[in-house]
$ cat run_14.txt   # compact mmCIF, C-alpha atoms
# COMPACT_ATOMS: atom_id res chain seq x y z
CA MET A 29 8.68 -72.41 15.54
CA ALA A 30 9.88 -68.81 15.36
CA ASP A 31 13.42 -68.21 14.11
CA THR A 32 16.04 -67.03 16.61
CA VAL A 33 17.76 -63.86 15.43
CA ALA A 34 20.38 -63.48 18.17
CA THR A 35 21.52 -65.27 21.31
CA THR A 36 23.12 -63.57 24.31
CA ASP A 37 24.24 -64.90 27.68
CA ARG A 38 20.70 -64.85 29.07
CA LEU A 39 18.41 -64.19 26.13
CA PHE A 40 17.06 -65.23 22.78
CA LEU A 41 15.90 -62.53 20.39
CA ARG A 42 13.47 -64.20 18.05
CA GLU A 43 10.83 -63.53 15.44
CA TRP A 44 7.14 -63.46 16.37
CA ASP A 45 4.87 -66.45 15.99
CA ASP A 46 1.07 -66.58 15.92
CA ALA A 47 0.72 -67.42 19.62
CA ASP A 48 2.71 -64.33 20.62
CA GLU A 49 -0.18 -62.02 19.78
CA VAL A 50 -2.20 -63.05 22.84
CA ARG A 51 0.72 -63.95 25.11
CA PHE A 52 2.52 -60.63 24.63
CA TYR A 53 -0.66 -58.59 25.11
CA ASP A 54 -1.54 -60.42 28.33
CA ILE A 55 1.94 -59.87 29.77
CA MET A 56 2.71 -56.36 28.55
CA ASN A 57 -0.55 -54.40 28.51
CA ARG A 58 -0.01 -52.99 32.00
CA PRO A 59 -0.24 -49.34 33.13
CA ALA A 60 3.42 -49.09 34.20
CA VAL A 61 4.71 -50.69 30.98
CA MET A 62 2.47 -48.58 28.72
CA ARG A 63 2.86 -45.30 30.63
CA HIS A 64 5.15 -43.66 28.05
CA LEU A 65 3.47 -45.32 25.06
CA GLY A 66 0.04 -43.71 25.11
CA GLY A 67 -1.56 -45.89 27.78
CA LEU A 68 -3.25 -49.27 27.71
CA GLN A 69 -4.13 -50.72 24.31
CA SER A 70 -7.37 -52.34 23.34
CA PRO A 71 -7.08 -55.84 21.84
CA GLU A 72 -7.84 -54.29 18.44
CA GLN A 73 -5.05 -51.70 18.79
CA TRP A 74 -2.58 -54.40 19.81
CA ARG A 75 -3.67 -56.64 16.92
CA GLU A 76 -2.85 -53.82 14.48
CA ALA A 77 0.53 -53.25 16.17
CA PHE A 78 1.27 -56.99 16.17
CA HIS A 79 0.66 -57.20 12.42
CA ARG A 80 2.81 -54.11 11.82
CA LEU A 81 5.67 -55.71 13.78
CA ARG A 82 5.44 -58.90 11.73
CA GLY A 83 5.17 -56.82 8.56
CA PHE A 84 8.43 -55.03 9.35
CA GLN A 85 10.16 -58.42 9.57
CA GLU A 86 8.77 -59.46 6.20
CA GLU A 87 9.53 -56.16 4.46
CA PHE A 88 12.92 -55.24 5.96
CA GLY A 89 14.24 -58.41 7.57
CA HIS A 90 14.10 -56.88 11.05
CA THR A 91 11.60 -55.71 13.63
CA PHE A 92 11.25 -55.33 17.38
CA TRP A 93 11.91 -59.01 18.17
CA ILE A 94 10.59 -61.02 21.11
CA ILE A 95 13.02 -61.21 24.07
CA GLU A 96 12.85 -64.68 25.55
CA ASP A 97 14.60 -65.84 28.70
CA ARG A 98 16.94 -68.69 27.72
CA ALA A 99 16.54 -70.50 31.03
CA SER A 100 12.77 -70.35 31.48
CA GLY A 101 11.46 -69.65 27.97
CA ASP A 102 9.43 -66.73 29.39
CA ILE A 103 8.68 -63.72 27.22
CA LEU A 104 10.40 -60.72 28.79
CA GLY A 105 9.42 -58.11 26.21
CA PHE A 106 10.74 -56.99 22.87
CA CYS A 107 13.84 -55.28 21.52
CA GLY A 108 15.15 -54.78 18.04
CA LEU A 109 15.15 -52.64 14.95
CA LYS A 110 12.49 -51.15 12.76
CA ARG A 111 12.29 -48.29 10.31
CA VAL A 112 11.08 -44.98 11.75
CA ASN A 113 7.43 -44.57 10.83
CA ALA A 114 5.99 -42.26 13.50
CA PRO A 115 3.75 -39.51 12.13
CA GLY A 116 5.70 -36.30 12.56
CA ALA A 117 9.19 -37.87 12.36
CA GLY A 118 9.94 -36.00 9.12
CA ASP A 119 13.46 -36.62 7.80
CA LEU A 120 13.95 -39.50 10.24
CA THR A 121 11.34 -41.60 8.42
CA ASP A 122 12.76 -44.94 7.24
CA GLN A 123 15.96 -44.65 9.26
CA HIS A 124 16.96 -47.55 11.52
CA GLU A 125 15.40 -47.19 14.97
CA ILE A 126 16.14 -49.30 18.02
CA GLY A 127 13.42 -49.79 20.59
CA TRP A 128 12.60 -51.93 23.61
CA ARG A 129 9.69 -52.71 25.91
CA LEU A 130 10.04 -54.99 28.93
CA ARG A 131 7.62 -56.46 31.43
CA GLU A 132 7.95 -54.99 34.91
CA SER A 133 9.50 -58.13 36.41
CA ALA A 134 12.41 -57.75 33.93
CA TRP A 135 13.24 -54.15 34.83
CA GLY A 136 16.53 -53.24 36.50
CA GLN A 137 18.41 -56.41 35.55
CA GLY A 138 20.36 -55.23 32.52
CA ILE A 139 18.11 -57.20 30.17
CA ALA A 140 17.23 -54.23 27.97
CA LYS A 141 20.91 -53.35 27.62
CA GLU A 142 21.88 -56.93 26.76
CA ALA A 143 19.17 -57.13 24.10
CA ALA A 144 19.96 -53.66 22.78
CA ILE A 145 23.67 -54.44 22.34
CA ALA A 146 22.75 -57.52 20.30
CA SER A 147 20.28 -55.48 18.23
CA ILE A 148 22.76 -52.69 17.49
CA ASP A 149 25.38 -55.30 16.57
CA LEU A 150 22.91 -56.63 13.98
CA ALA A 151 22.07 -53.13 12.74
CA PHE A 152 25.67 -52.49 11.78
CA SER A 153 26.80 -55.98 10.78
CA ARG A 154 23.82 -57.64 9.10
CA PHE A 155 21.73 -54.65 8.03
CA ALA A 156 24.53 -52.18 7.16
CA ALA A 157 22.86 -49.26 8.91
CA PRO A 158 25.02 -46.10 8.79
CA HIS A 159 23.60 -45.10 12.17
CA VAL A 160 20.84 -46.05 14.57
CA ILE A 161 18.49 -43.65 16.28
CA ALA A 162 16.51 -44.15 19.48
CA PRO A 163 13.49 -41.94 20.15
CA THR A 164 11.63 -42.07 23.45
CA ALA A 165 9.02 -40.15 25.36
CA ARG A 166 10.16 -36.91 26.93
CA GLY A 167 9.31 -38.26 30.39
CA ASN A 168 10.96 -41.67 29.96
CA ARG A 169 14.16 -41.07 31.91
CA ALA A 170 14.92 -44.80 32.24
CA SER A 171 15.12 -45.28 28.47
CA GLN A 172 17.14 -42.10 28.05
CA GLY A 173 19.58 -43.42 30.67
CA LEU A 174 19.96 -46.69 28.78
CA MET A 175 20.62 -44.81 25.55
CA LYS A 176 23.50 -43.00 27.28
CA ARG A 177 24.86 -46.28 28.71
CA LEU A 178 24.86 -47.64 25.16
CA GLY A 179 27.09 -44.73 24.12
CA MET A 180 24.34 -43.04 22.13
CA ILE A 181 24.55 -39.27 21.76
CA ARG A 182 21.66 -36.94 22.60
CA ARG A 183 20.46 -35.26 19.39
CA PRO A 184 18.05 -32.40 20.21
CA ASP A 185 18.20 -31.38 16.53
CA LEU A 186 16.34 -34.63 15.72
CA ASP A 187 13.58 -34.38 18.36
CA TYR A 188 10.08 -34.44 16.89
CA ILE A 189 6.43 -34.15 17.80
CA ASP A 190 4.74 -37.53 17.44
CA ALA A 191 1.40 -36.60 15.88
CA ARG A 192 -0.39 -39.46 17.67
CA PHE A 193 -0.10 -37.63 21.00
CA PRO A 194 -0.73 -34.13 22.42
CA ALA A 195 1.95 -31.73 21.19
CA VAL A 196 3.50 -31.14 24.61
CA SER A 197 3.08 -33.90 27.16
CA GLU A 198 5.10 -36.48 29.04
CA ILE A 199 5.12 -38.48 25.78
CA THR A 200 6.10 -35.86 23.24
CA PRO A 201 8.21 -34.28 21.97
CA GLN A 202 10.13 -37.47 21.30
CA ILE A 203 13.68 -37.22 22.64
CA VAL A 204 16.22 -38.68 20.19
CA HIS A 205 19.65 -40.23 20.71
CA SER A 206 21.82 -41.76 17.97
CA ILE A 207 24.98 -43.75 17.35
CA ASP A 208 27.04 -44.00 14.15
CA ALA A 209 28.44 -47.29 12.91
CA ALA A 210 32.01 -45.99 13.23
CA ASP A 211 31.47 -45.13 16.91
CA TRP A 212 29.84 -48.41 17.91
CA PRO A 213 32.95 -50.56 18.60
CA SER A 214 34.22 -48.23 21.35
CA ALA A 215 30.70 -47.49 22.63
CA ARG A 216 29.98 -51.24 22.73
CA ALA A 217 33.10 -51.88 24.80
CA GLY A 218 31.95 -49.24 27.26
CA ALA A 219 28.41 -50.60 27.35
CA LEU A 220 29.67 -54.08 28.23
CA GLY A 221 30.80 -52.71 31.59
CA PRO A 222 28.57 -52.86 34.70
CA ARG A 223 24.82 -53.06 34.10

$ encode --input "run_14.txt" --output "structure tokens"
Amino acid sequence: MADTVATTDRLFLREWDDADEVRFYDIMNRPAVMRHLGGLQSPEQWREAFHRLRGFQEEFGHTFWIIEDRASGDILGFCGLKRVNAPGAGDLTDQHEIGWRLRESAWGQGIAKEAAIASIDLAFSRFAAPHVIAPTARGNRASQGLMKRLGMIRRPDLDYIDARFPAVSEITPQIVHSIDAADWPSARAGALGPR
């Protein structure tokens, strides 16, 4: 049984278990979900990513955790914290990064925001992060909007070219937002407003 990391009104954030490798891939490897992430993954690519995600948990105590619906037990996606490791991230490498990925049926319901608030709470309380950054694809306006609703500040000085993708595309440069620990209490209060 995977350990629960955080509980919100509607969600569990929990660690990955062995069965999640296939379940998550079957649910999430969809064109709309993967549009800003380089496209559909082969089972081998996902297997490597799955082991990286579990490795982050073992090495740092945090990762992009499974989001599970408390009522149904369904996997809705992932959200959480990892250390920046994208090729091309430069000085951002090893900083605390928040990220999320949700299945299409979970979009537009405030689920990503609810999970992100819990994850940022953990970043500053449990993991003593001085700040948290959030990179996303240049074309991913929905994620950029959520970053703003979380009170994160746009940081064009931190944007970077992710070397896994063409230098200028809908995916890259990566657009970066950030929030400092000192600014989170007031930003959190604002984020708890309407979805």

$ residues_around --input "run_14.txt" --residues "Leu174 of chain A" --least-positions-apart "5" --cutoff "9 Å" --atoms "only C-alpha atoms" --output "list in words"
Ala140, Lys141, Arg169, Gly179 and Met180 of chain A

$ closest_residue --input "run_14.txt" --among "A:Ile139, A:Ala191, A:Ala215, A:Leu130" --to "Met62 of chain A" --atoms "all atoms listed in the file"
A:Leu130

$ residues_around --input "run_14.txt" --residues "Ser100 of chain A" --least-positions-apart "6" --cutoff "12 Å" --atoms "all atoms listed in the file" --output "PyMOL selection string"
chain A and resi 38-40

$ closest_residue --input "run_14.txt" --among "A:Leu109, A:Val160, A:Leu104, A:Ala143" --to "His205 of chain A" --atoms "only C-alpha atoms"
A:Val160

$ closest_residue --input "run_14.txt" --among "A:Asp48, A:His159, A:Ala114, A:Ser133" --to "Pro201 of chain A" --atoms "all atoms listed in the file"
A:Ala114

$ closest_atom_pairs --input "run_14.txt" --of "segment 153-173 of chain A" --to "segment 75-91 of chain A" --cutoff "12 Å" --atoms "only C-alpha atoms" --output "JSON lines"
{"residue": "A:Arg154", "atom": "CA", "partner": "A:Gly89", "partner_atom": "CA", "distance": 9.7}
{"residue": "A:Phe155", "atom": "CA", "partner": "A:Gly89", "partner_atom": "CA", "distance": 8.4}
{"residue": "A:Ala157", "atom": "CA", "partner": "A:His90", "partner_atom": "CA", "distance": 11.8}

$ closest_residue --input "run_14.txt" --among "A:Ala210, A:Ala47, A:Met56, A:Ala219" --to "Ser153 of chain A" --atoms "only C-alpha atoms"
A:Ala210

$ decode --input "run_14.txt" --residues "segment 106-181 of chain A" --atoms "C-alpha atoms" --output "compact mmCIF listing (two decimals), in the first residue's frame"
# COMPACT_ATOMS: atom_id res chain seq x y z
CA PHE A 106 0.07 13.56 -10.58
CA CYS A 107 1.23 16.67 -8.74
CA GLY A 108 4.12 17.33 -6.45
CA LEU A 109 7.73 18.33 -6.14
CA LYS A 110 10.94 17.18 -7.72
CA ARG A 111 14.37 18.65 -8.25
CA VAL A 112 14.90 20.41 -11.58
CA ASN A 113 16.78 18.03 -13.87
CA ALA A 114 15.86 19.13 -17.40
CA PRO A 115 18.82 19.31 -19.78
CA GLY A 116 19.41 22.99 -20.42
CA ALA A 117 18.01 24.24 -17.07
CA GLY A 118 21.45 25.53 -16.03
CA ASP A 119 21.44 27.28 -12.65
CA LEU A 120 17.94 25.99 -11.91
CA THR A 121 19.21 22.41 -11.66
CA ASP A 122 18.38 20.82 -8.29
CA GLN A 123 15.98 23.57 -7.23
CA HIS A 124 12.50 22.59 -6.04
CA GLU A 125 10.08 22.35 -8.96
CA ILE A 126 6.33 21.88 -8.77
CA GLY A 127 4.58 20.11 -11.60
CA TRP A 128 1.23 18.54 -12.44
CA ARG A 129 -0.38 16.39 -15.10
CA LEU A 130 -4.08 15.52 -15.06
CA ARG A 131 -6.29 13.25 -17.11
CA GLU A 132 -8.71 15.11 -19.37
CA SER A 133 -11.79 14.20 -17.31
CA ALA A 134 -10.21 16.05 -14.33
CA TRP A 135 -9.57 19.32 -16.17
CA GLY A 136 -11.42 22.50 -15.23
CA GLN A 137 -12.48 21.38 -11.74
CA GLY A 138 -9.83 23.05 -9.60
CA ILE A 139 -8.13 19.71 -8.93
CA ALA A 140 -4.69 20.83 -10.10
CA LYS A 141 -4.92 23.93 -7.90
CA GLU A 142 -6.01 21.91 -4.86
CA ALA A 143 -3.14 19.46 -5.33
CA ALA A 144 -0.65 22.24 -6.05
CA ILE A 145 -1.53 24.15 -2.88
CA ALA A 146 -0.93 20.99 -0.83
CA SER A 147 2.37 20.39 -2.65
CA ILE A 148 3.64 23.95 -2.12
CA ASP A 149 2.62 23.74 1.54
CA LEU A 150 4.87 20.67 1.82
CA ALA A 151 7.70 22.35 -0.08
CA PHE A 152 7.92 25.12 2.49
CA SER A 153 6.95 23.26 5.66
CA ARG A 154 8.39 19.75 5.35
CA PHE A 155 11.16 20.25 2.79
CA ALA A 156 12.32 23.77 3.77
CA ALA A 157 12.53 24.98 0.18
CA PRO A 158 13.51 28.68 -0.01
CA HIS A 159 11.39 28.98 -3.16
CA VAL A 160 9.59 26.82 -5.68
CA ILE A 161 9.77 27.20 -9.43
CA ALA A 162 7.28 26.03 -12.05
CA PRO A 163 8.44 25.64 -15.65
CA THR A 164 6.00 24.83 -18.43
CA ALA A 165 5.86 24.71 -22.19
CA ARG A 166 5.67 28.06 -23.94
CA GLY A 167 2.30 27.10 -25.44
CA ASN A 168 0.74 25.75 -22.23
CA ARG A 169 -1.46 28.70 -21.32
CA ALA A 170 -3.59 26.64 -18.91
CA SER A 171 -0.61 25.80 -16.70
CA GLN A 172 0.67 29.36 -16.86
CA GLY A 173 -2.78 30.55 -15.72
CA LEU A 174 -2.71 28.18 -12.76
CA MET A 175 0.75 29.41 -11.79
CA LYS A 176 -0.64 32.96 -11.65
CA ARG A 177 -3.67 31.82 -9.60
CA LEU A 178 -1.22 30.26 -7.15
CA GLY A 179 0.42 33.67 -6.72
CA MET A 180 3.56 32.64 -8.57
CA ILE A 181 5.51 35.39 -10.32
